[in-house]
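Asks: Below is a structure I'd like to ask you about.
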Amino acid sequence: MQSELGESEPTTGPDASLQRLSQSPAREEKKKILWQLNQQQISPEIKNRLQAFKDMQKTSQGLQRAKYKLLAGGPPHKKKLLTVGVSSALHPHESRLLDTLRSLFQASSGPELDRVVVLVSLSDSDPERLSQTVANISDLFRTHIEARQLLVVQGQLGGPPPLGTLRPEDRPSPCEALYSAQKADHALLMNFAANLSEYFLMLDDQVRCMPKFISSIYQTLSAWKELPWVTLEFSSLSFPGKVFRSSDLPRLASFLLVFPKDTPTHSLLSEFPLLLAQNTPIRFGSSVFYHVGNLSGQESACFPADKEKVFGEPDNPTASVRTDMVVLSTNTPQYAYTLNRESFATLSPVRGNHLTVILEEPQKVVRIEVLTGSDKESKYQLQQGRVELGYGPLEDLGGCARYTLLGPVVEGRLDQMVSYEEDSLEALGCIRLLVLEAQESWLLIRQISVWTTEYEEEEEGADLGPRSGRRCLCRYLMVVVSLVLLGSFLQERLEEHLMYSLLVKASEQPELSVGRVKEGASETCMQSELGESEPTTGPDASLQRLSQSPAREEKKKILWQLNQQQISPEIKNRLQAFKDMQKTSQGLQRAKYKLLAGGPPHKKKLLTVGVSSALHPHESRLLDTLRSLFQASSGPELDRVVVLVSLSDSDPERLSQTVANISDLFRTHIEARQLLVVQGQLGGPPPLGTLRPEDRPSPCEALYSAQKADHALLMNFAANLSEYFLMLDDQ
């Protein structure tokens with residue numbers, strides 16, 4: 001979401017796009033240039049995520065069929081600038097919602113309220129308490145209801161339960177029940193709000209609002225209007241203060257309902273911008289909301305404590321200041337950065353002028369505040385400008401190699417948190433104030449303040465409750481999205497290589513094993529050896545050269561060399577033989593299968609979950625695996641998959657008993673054609689990777705050969721059941 005700006009004025013790239021934008025009088029031309037600028041800022045990987053997410057169903061069935069009941073007020077007659085959304089799960093003997101609404105209206109003037117509509121979504125299973133709450137709201141805020149500034153609704157999802165909500169037969173933990181209800185409530189709120197206004201502000205029912213918060217948000221939205229963003233955060237609290245474009249609300253509402261019931265809403269809200277190419281939070285330093293009151297006993301156990309970050313005095317690191325603006329007399333640019341009452345004044349700055357703070361040592365800065373204009377009368381402010389962050393300091397304190405946008409100057413000031421991409425090791429080298437439009441007046445740069453630490457830092461590894469570890473959820477989603485984007489090409493290649501390479505590879509080569517290994521002889525046979533050294537030649541060296549090579553063709557060449565180094569002459573011969581083989585071996589073409597339980601699904605599924613099990617006496621590990629699989633999956637999830645179990649056992653009695661146990665325990669899934677049990681046998685002459693009757697294999701060779709045949713038979717049967725195939729084992 002950030003643009004990179006160099007020191008010079010190039011004729012191509014983002015700078016040139018901005019230059020053309022400022023010179024172009026036509027609105028359509030501006031839109032076109034902004035689109036081009038946005039495309040330059042988005043990496044190919046992010047574009048893939050974005051396209052895949054756009055292709056998702058915009059609203060789930062539960063939202064498409066949602067039903068709403070109007071409890072008080074009515075929708076505004078025309079589209080507003082901002083919807084203030086409050087979702088409230090009512091609690092007995094608590095008036096926190098009424099206090100929040102009272103604070104909201106008291107902090108806002110009449111002209112401010114003319115631009116907004118306040119939408120309250122109530123959820124309560126107690127009709128009497130719900131009715132009393134609506135009556136209280138109607139009495140206290142009658143004026144705002146009559147002016148169509150306040151609207152109270154109750155919503156209910158329609159259709160089958162979405163993935164992230166609970167079914168009637170579920171037995172959720174207390175936290176799961178809270179997460180599920182919270183996601184459904186917020187999804188219903190956003191779904192209703194999608195067409196009420198241009199922007200959507202999320203609050204909860206335990207906040208207080210600072211005076212003129214609507215004006216503050218309006219001014220910020222105006223400054224960010226032509227810039228790419230997904231979420232603007234006017235508070236460091238987990239829920240309150242997040243602003244979205246209303247056009248994104250259908251996606252966000254559906255996104256909340258996609259994830260499992262044990263995923264809290266605040267984790268998903270922090271991940272949603274990543275899917276639309278905003279890699280770091282855009283959070284403003286001065287919060288306009290603060291939290292009051294305490295959560296109930298169960299809520300406090302399931303949600304992290306929501307505290308606003310507190311900062312002490314700025315601690316500007318040692319730095320030098322450079323500018324190309326007019327310097328008058330003894331009024332030096334350093335005054336703008338020194339923490340005192342002195343300031344830097346200049347006359348008639350032009351577009352492209354800058355004042356740059358060059359840190360003596362790169363720092364991890366957490367907050368930056370830039371103040372322009374006089375303190376009392378707000379004269380001599382920077383009218384059009386932006387603050388940029390510089391990385392890669394140049395020699396002789398000449399600035400930085402590249403710059404990214406922190407944010408625009410709003411009403412002569414900027415106060416914003418500095419965020420870094422996850423696992424980023426890069427520290428900040430420069431802070432640049434850039435003039436975007438000439439002004440025929442004085443410019444006073446009163447103070448540039450920098451914070452490198454928070455006043456009260458959260459302890460490393462502090463207990464965040466069930467929230468911990470949730471930031472990885474969207475990483476998994478993005479992996480899945482990337483796989484979907486590869487489409488049929490990936491599926492075709494995976495089927496070819498996974499199904500048939502097992503039979504081609506000689507029997508003395510074990511399959512690679514990750515995670516838990518099987519008992520007995522298998523434990524000895526399934527080990528892989530990895531070296532400890534860091535060679536200067538071979539694959540590691542090739543990878544090193546790859547990372548240093550800028551040319552695409554050179555990268556291809558190095559990858560080819562890496563591939564050749566990793567393939568021994570013996571494997572090369574096998575690879576060539578594999579290329580020359582028929583796509584399917586005779587053993588698989590003539591394979592015979594016996595249907596032991598269930599039947600194939602009536603239509604092609606999204607995913608086949610394949611389990612190959614070589615049965616062992618006195619072991620119930622397969623039954624435990626199946627039990628875990630079905631218990632971890634909801635009804636809507638299982639409607640998309642078929643579980644295929646392939647059994648192999650030379651003892652007919654034990655095989656028969658296992659099939660009977662599966663049929664008894666999972667009868668419902670078998671009848672729904674969600675579970676299918678088969679036994680397969682290769683036909684024709686023995687393939688290269690299997691054993692002939694006259695062979696005298698070692699114990700490991702016998703295991704390798706049987707395992708490869710079992711998995712090849714499993715994949716061969718699964719090829720036409722679904723679009724994708726997931727491999728599991730029986731442990």
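Letters for chains follow the order of the structure tokens (A, B, ...), residue numbers begin at 1 for each chain, and ligand numbers begin at 1 in the order shown.
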Determine which residues of region 154-332 of chain A receive a DSSP assignment of strand (DSSP E), computed from the backbone, and state them as a VMD selection string.
Replies: chain A and resid 154 to 156 197 to 203 207 to 209 231 to 233 242 to 245 282 to 283 289 to 291 319 to 323
Asks: Compile a residue-level contact table for region 150-254 of chain A against region 274-294 of chain A at a cut-off of 6 Å, reporting for every qualifying residue the shortest atom pair and its distance in Å to one decimal, with only C-alpha atoms counted, rows ordered by chain and ascending number, as a tab-separated table.
Replies:
residue	atom	partner	partner_atom	distance
A:Gln206	CA	A:Val292	CA	5.7
A:Val207	CA	A:His291	CA	4.6
A:Arg208	CA	A:Tyr290	CA	5.5
A:Cys209	CA	A:Phe289	CA	4.8
A:Met210	CA	A:Val288	CA	5.1
A:Phe213	CA	A:Val288	CA	5.9
A:Leu232	CA	A:Ile282	CA	5.4
A:Glu233	CA	A:Arg283	CA	4.5
A:Phe234	CA	A:Phe284	CA	5.5
A:Ser235	CA	A:Ser287	CA	4.7
Asks: Only N, CA and C atoms, please: the residues just picked out, written as a PDB file, in the first residue's frame.
Replies:
ATOM      1  N   GLN A 206     -18.812  -0.261  24.451  1.00  0.00           N
ATOM      2  CA  GLN A 206     -18.112   0.121  25.682  1.00  0.00           C
ATOM      3  C   GLN A 206     -17.080   1.209  25.419  1.00  0.00           C
ATOM      4  N   VAL A 207     -17.384   2.163  24.559  1.00  0.00           N
ATOM      5  CA  VAL A 207     -16.409   3.213  24.243  1.00  0.00           C
ATOM      6  C   VAL A 207     -16.970   4.591  24.567  1.00  0.00           C
ATOM      7  N   ARG A 208     -16.052   5.533  24.705  1.00  0.00           N
ATOM      8  CA  ARG A 208     -16.402   6.942  24.801  1.00  0.00           C
ATOM      9  C   ARG A 208     -15.695   7.657  23.648  1.00  0.00           C
ATOM     10  N   CYS A 209     -16.337   8.700  23.139  1.00  0.00           N
ATOM     11  CA  CYS A 209     -15.845   9.393  21.945  1.00  0.00           C
ATOM     12  C   CYS A 209     -15.291  10.764  22.324  1.00  0.00           C
ATOM     13  N   MET A 210     -14.172  11.125  21.707  1.00  0.00           N
ATOM     14  CA  MET A 210     -13.596  12.447  21.914  1.00  0.00           C
ATOM     15  C   MET A 210     -14.425  13.481  21.147  1.00  0.00           C
ATOM     16  N   PHE A 213     -14.925  14.058  16.960  1.00  0.00           N
ATOM     17  CA  PHE A 213     -14.278  12.904  16.334  1.00  0.00           C
ATOM     18  C   PHE A 213     -14.748  12.729  14.891  1.00  0.00           C
ATOM     19  N   LEU A 232      -8.424   2.155   7.933  1.00  0.00           N
ATOM     20  CA  LEU A 232      -7.790   3.249   8.669  1.00  0.00           C
ATOM     21  C   LEU A 232      -8.178   3.090  10.137  1.00  0.00           C
ATOM     22  N   GLU A 233      -7.192   3.145  11.028  1.00  0.00           N
ATOM     23  CA  GLU A 233      -7.441   2.872  12.444  1.00  0.00           C
ATOM     24  C   GLU A 233      -7.264   4.150  13.258  1.00  0.00           C
ATOM     25  N   PHE A 234      -8.358   4.594  13.869  1.00  0.00           N
ATOM     26  CA  PHE A 234      -8.340   5.804  14.681  1.00  0.00           C
ATOM     27  C   PHE A 234      -8.215   5.478  16.165  1.00  0.00           C
ATOM     28  N   SER A 235      -7.839   4.246  16.474  1.00  0.00           N
ATOM     29  CA  SER A 235      -7.627   3.800  17.842  1.00  0.00           C
ATOM     30  C   SER A 235      -6.770   2.541  17.783  1.00  0.00           C
TER      31      SER A 235
END
Asks: Hey, which of A:Phe244, A:Trp442, A:Phe725, A:Phe344 ends up closest to Phe200 (chain A)? Count only C-alpha atoms.
Replies: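 Closest to Phe200 (chain A), using only C-alpha atoms: A:Phe244.
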Asks: Pick out the residues sitting within 10 Å of Arg640 (chain A), and hand them over as a ChimeraX atom specification; count only C-alpha atoms, and ignore anything fewer than 6 positions along from it in its own chain.
Replies: /A:604-608,674,722
Asks: Okay, now the selection with N, CA and C atoms, as a PDB file, in the first residue's frame?
Replies:
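What ended up in out-v7.pdb:
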ATOM      1  N   LYS A 604     -18.986 -34.441  -8.577  1.00  0.00           N
ATOM      2  CA  LYS A 604     -17.583 -34.190  -8.267  1.00  0.00           C
ATOM      3  C   LYS A 604     -17.468 -33.213  -7.096  1.00  0.00           C
ATOM      4  N   LYS A 605     -16.613 -33.522  -6.136  1.00  0.00           N
ATOM      5  CA  LYS A 605     -16.432 -32.701  -4.948  1.00  0.00           C
ATOM      6  C   LYS A 605     -15.256 -31.733  -5.127  1.00  0.00           C
ATOM      7  N   LEU A 606     -15.107 -30.837  -4.144  1.00  0.00           N
ATOM      8  CA  LEU A 606     -13.956 -29.945  -4.157  1.00  0.00           C
ATOM      9  C   LEU A 606     -12.686 -30.686  -3.764  1.00  0.00           C
ATOM     10  N   LEU A 607     -12.779 -31.574  -2.762  1.00  0.00           N
ATOM     11  CA  LEU A 607     -11.582 -32.176  -2.179  1.00  0.00           C
ATOM     12  C   LEU A 607     -11.827 -33.637  -1.809  1.00  0.00           C
ATOM     13  N   THR A 608     -10.860 -34.495  -2.137  1.00  0.00           N
ATOM     14  CA  THR A 608     -10.836 -35.867  -1.633  1.00  0.00           C
ATOM     15  C   THR A 608      -9.782 -35.953  -0.536  1.00  0.00           C
ATOM     16  N   GLN A 674     -20.181 -39.402   2.127  1.00  0.00           N
ATOM     17  CA  GLN A 674     -19.024 -38.612   2.532  1.00  0.00           C
ATOM     18  C   GLN A 674     -17.836 -39.498   2.867  1.00  0.00           C
ATOM     19  N   SER A 722     -12.768 -35.642  -7.298  1.00  0.00           N
ATOM     20  CA  SER A 722     -12.809 -34.247  -6.863  1.00  0.00           C
ATOM     21  C   SER A 722     -11.797 -33.430  -7.638  1.00  0.00           C
TER      22      SER A 722
END
Asks: Any idea what's packed within 9 Å of region 349-365 of chain A, counting only C-alpha atoms, ignoring anything in its chain fewer than 6 positions away? Could you give it as a PDB file with C-alpha atoms, in the first residue's frame?
Replies:
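Below is the file out12.pdb, written as the result:
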ATOM      1  CA  GLU A   9      12.366  13.316 -10.436  1.00  0.00           C
ATOM      2  CA  PRO A 317      17.217  10.229  18.074  1.00  0.00           C
ATOM      3  CA  THR A 318      20.322  12.109  16.992  1.00  0.00           C
ATOM      4  CA  ALA A 319      19.896  13.281  13.388  1.00  0.00           C
ATOM      5  CA  SER A 320      20.813  15.956  10.866  1.00  0.00           C
ATOM      6  CA  VAL A 321      18.217  17.923   8.877  1.00  0.00           C
ATOM      7  CA  ARG A 322      18.468  18.940   5.215  1.00  0.00           C
ATOM      8  CA  THR A 323      16.132  20.985   3.039  1.00  0.00           C
ATOM      9  CA  ASP A 324      15.997  22.600  -0.392  1.00  0.00           C
ATOM     10  CA  MET A 325      13.570  25.281   0.810  1.00  0.00           C
ATOM     11  CA  VAL A 326      14.592  28.892   1.322  1.00  0.00           C
ATOM     12  CA  PRO A 333      16.165  23.592   9.407  1.00  0.00           C
ATOM     13  CA  GLN A 334      17.481  21.824  12.537  1.00  0.00           C
ATOM     14  CA  TYR A 337      13.584  18.674  14.821  1.00  0.00           C
ATOM     15  CA  GLY A 385       1.996  17.640   1.725  1.00  0.00           C
ATOM     16  CA  GLY A 390      13.257   6.489   4.106  1.00  0.00           C
ATOM     17  CA  TYR A 391      15.259   3.261   4.069  1.00  0.00           C
ATOM     18  CA  GLY A 392      18.814   2.487   2.967  1.00  0.00           C
ATOM     19  CA  PRO A 393      20.811   5.535   4.159  1.00  0.00           C
ATOM     20  CA  LEU A 397      24.255  11.910   4.950  1.00  0.00           C
ATOM     21  CA  GLY A 398      22.754  12.418   1.515  1.00  0.00           C
ATOM     22  CA  GLY A 399      19.342  11.008   2.442  1.00  0.00           C
ATOM     23  CA  CYS A 400      17.989   7.516   1.791  1.00  0.00           C
ATOM     24  CA  MET A 417       2.054   5.088  14.108  1.00  0.00           C
ATOM     25  CA  VAL A 418       4.887   3.479  12.145  1.00  0.00           C
ATOM     26  CA  SER A 419       4.235  -0.185  11.327  1.00  0.00           C
ATOM     27  CA  TYR A 420       6.537  -2.763   9.830  1.00  0.00           C
ATOM     28  CA  GLU A 426      14.787  -3.056   8.278  1.00  0.00           C
ATOM     29  CA  ALA A 427      15.114   0.056  10.434  1.00  0.00           C
ATOM     30  CA  LEU A 428      14.125   3.611   9.549  1.00  0.00           C
ATOM     31  CA  GLY A 429      16.878   5.879   8.182  1.00  0.00           C
ATOM     32  CA  CYS A 430      15.060   9.076   7.110  1.00  0.00           C
ATOM     33  CA  ILE A 431      11.848  11.043   7.631  1.00  0.00           C
ATOM     34  CA  ARG A 432      10.931  13.318   4.724  1.00  0.00           C
ATOM     35  CA  LEU A 433       8.294  16.062   4.656  1.00  0.00           C
ATOM     36  CA  LEU A 434       7.391  16.638   0.999  1.00  0.00           C
ATOM     37  CA  VAL A 435       5.519  19.638  -0.445  1.00  0.00           C
ATOM     38  CA  LEU A 436       2.906  18.542  -3.018  1.00  0.00           C
ATOM     39  CA  GLU A 437       1.563  21.957  -4.048  1.00  0.00           C
ATOM     40  CA  ALA A 438       3.107  25.430  -4.237  1.00  0.00           C
ATOM     41  CA  GLN A 439       1.757  27.988  -1.772  1.00  0.00           C
ATOM     42  CA  GLU A 440       2.234  31.749  -1.877  1.00  0.00           C
ATOM     43  CA  SER A 441       2.693  32.255   1.837  1.00  0.00           C
ATOM     44  CA  TRP A 442       4.968  31.516   4.734  1.00  0.00           C
ATOM     45  CA  LEU A 443       5.372  27.925   5.854  1.00  0.00           C
ATOM     46  CA  ILE A 448       8.862  16.982  14.128  1.00  0.00           C
ATOM     47  CA  VAL A 450       9.723  10.912  17.023  1.00  0.00           C
ATOM     48  CA  TRP A 451       9.066   8.046  19.443  1.00  0.00           C
ATOM     49  CA  THR A 452      11.252   4.938  19.413  1.00  0.00           C
ATOM     50  CA  THR A 453       9.484   3.205  22.341  1.00  0.00           C
TER      51      THR A 453
END
Asks: Might you pull out every residue within 12 Å of Leu444 (chain A), with only C-alpha atoms counted and same-chain residues fewer than 6 positions away left off, and present them as a count of residues only?
Replies: 30
Asks: With distances taken over only C-alpha atoms, which of A:Gln132, A:Ser267, A:Gln64, A:Gln156 is nearest to Ser254 (chain A)?
Replies: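 The answer is A:Gln64, which sits nearest to Ser254 (chain A).
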Asks: Which residues come within 9 Å of Leu71 (chain A), counting only C-alpha atoms, excluding same-chain residues fewer than 4 positions away, as a list of chain:residue names?
Replies: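 Once the adjacent positions are removed, what remains is A:Ser131, A:Val134, A:Leu151, A:Val152, A:Val153, A:Gln154.
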Asks: Env of Asp124 (chain A): 10 Å cut, atoms = only C-alpha atoms, seq-sep filter 6 positions within chain, self excluded. Answer as a list in words.
Replies: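 Listing them by chain and then by number gives Ser88, Ala89, Leu90, His91, Leu130, Ser131 and Gln154 of chain A.
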Asks: Can you write out the residues you just picked, keeping C-alpha atoms, as a short mmCIF file (atom, residue, chain, number, x, y, z; two decimals), in the first residue's frame?
Replies:
data_model
loop_
_atom_site.label_atom_id
_atom_site.label_comp_id
_atom_site.auth_asym_id
_atom_site.auth_seq_id
_atom_site.Cartn_x
_atom_site.Cartn_y
_atom_site.Cartn_z
CA SER A 88 -24.32 -5.03 20.92
CA ALA A 89 -24.99 -8.37 22.58
CA LEU A 90 -27.11 -7.20 25.50
CA HIS A 91 -26.31 -8.18 29.07
CA LEU A 130 -34.59 -6.59 24.06
CA SER A 131 -37.92 -4.75 24.08
CA GLN A 154 -32.00 -7.00 14.68
#
Asks: Could you please determine the separation between CA of Asp730 (chain A) and CA of Ser705 (chain A) in Å, to one decimal place?
Replies: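 One can read the CA of Asp730 (chain A) to CA of Ser705 (chain A) distance as 18.0 Å.
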Asks: Just give me the gap between CA of Ser138 (chain A) and CA of Gly155 (chain A) in Å, one decimal is fine.
Replies: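 Between CA of Ser138 (chain A) and CA of Gly155 (chain A) the gap works out to 18.6 Å.
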Asks: Restricting the calculation to only C-alpha atoms: of A:Arg621, A:Lys69, A:Lys594, A:Arg402, which residue gets closest to Val120 (chain A)?
Replies: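 So, comparing all the options, the nearest one is A:Lys69.
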Asks: Taking into account only C-alpha atoms, which residue in the set A:Arg627, A:Lys79, A:Lys603, A:Arg65 is nearest to Asp114 (chain A)?
Replies: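 Going through A:Arg627, A:Lys79, A:Lys603, A:Arg65 one by one, the smallest distance to Asp114 (chain A) is for A:Lys79.
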Asks: Hey, can you check how far CA of Ser87 (chain A) sits from CA of Gly110 (chain A)?
Replies: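 Computed distance, CA of Ser87 (chain A) to CA of Gly110 (chain A), equals 23.9 Å.
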Asks: Of the residues A:Gln384, A:Ser95, A:Gln106, A:Asn191, which is the one nearest to Pro250 (chain A), using only C-alpha atoms?
Replies: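 Checking each candidate against Pro250 (chain A), we get A:Asn191 as the closest.
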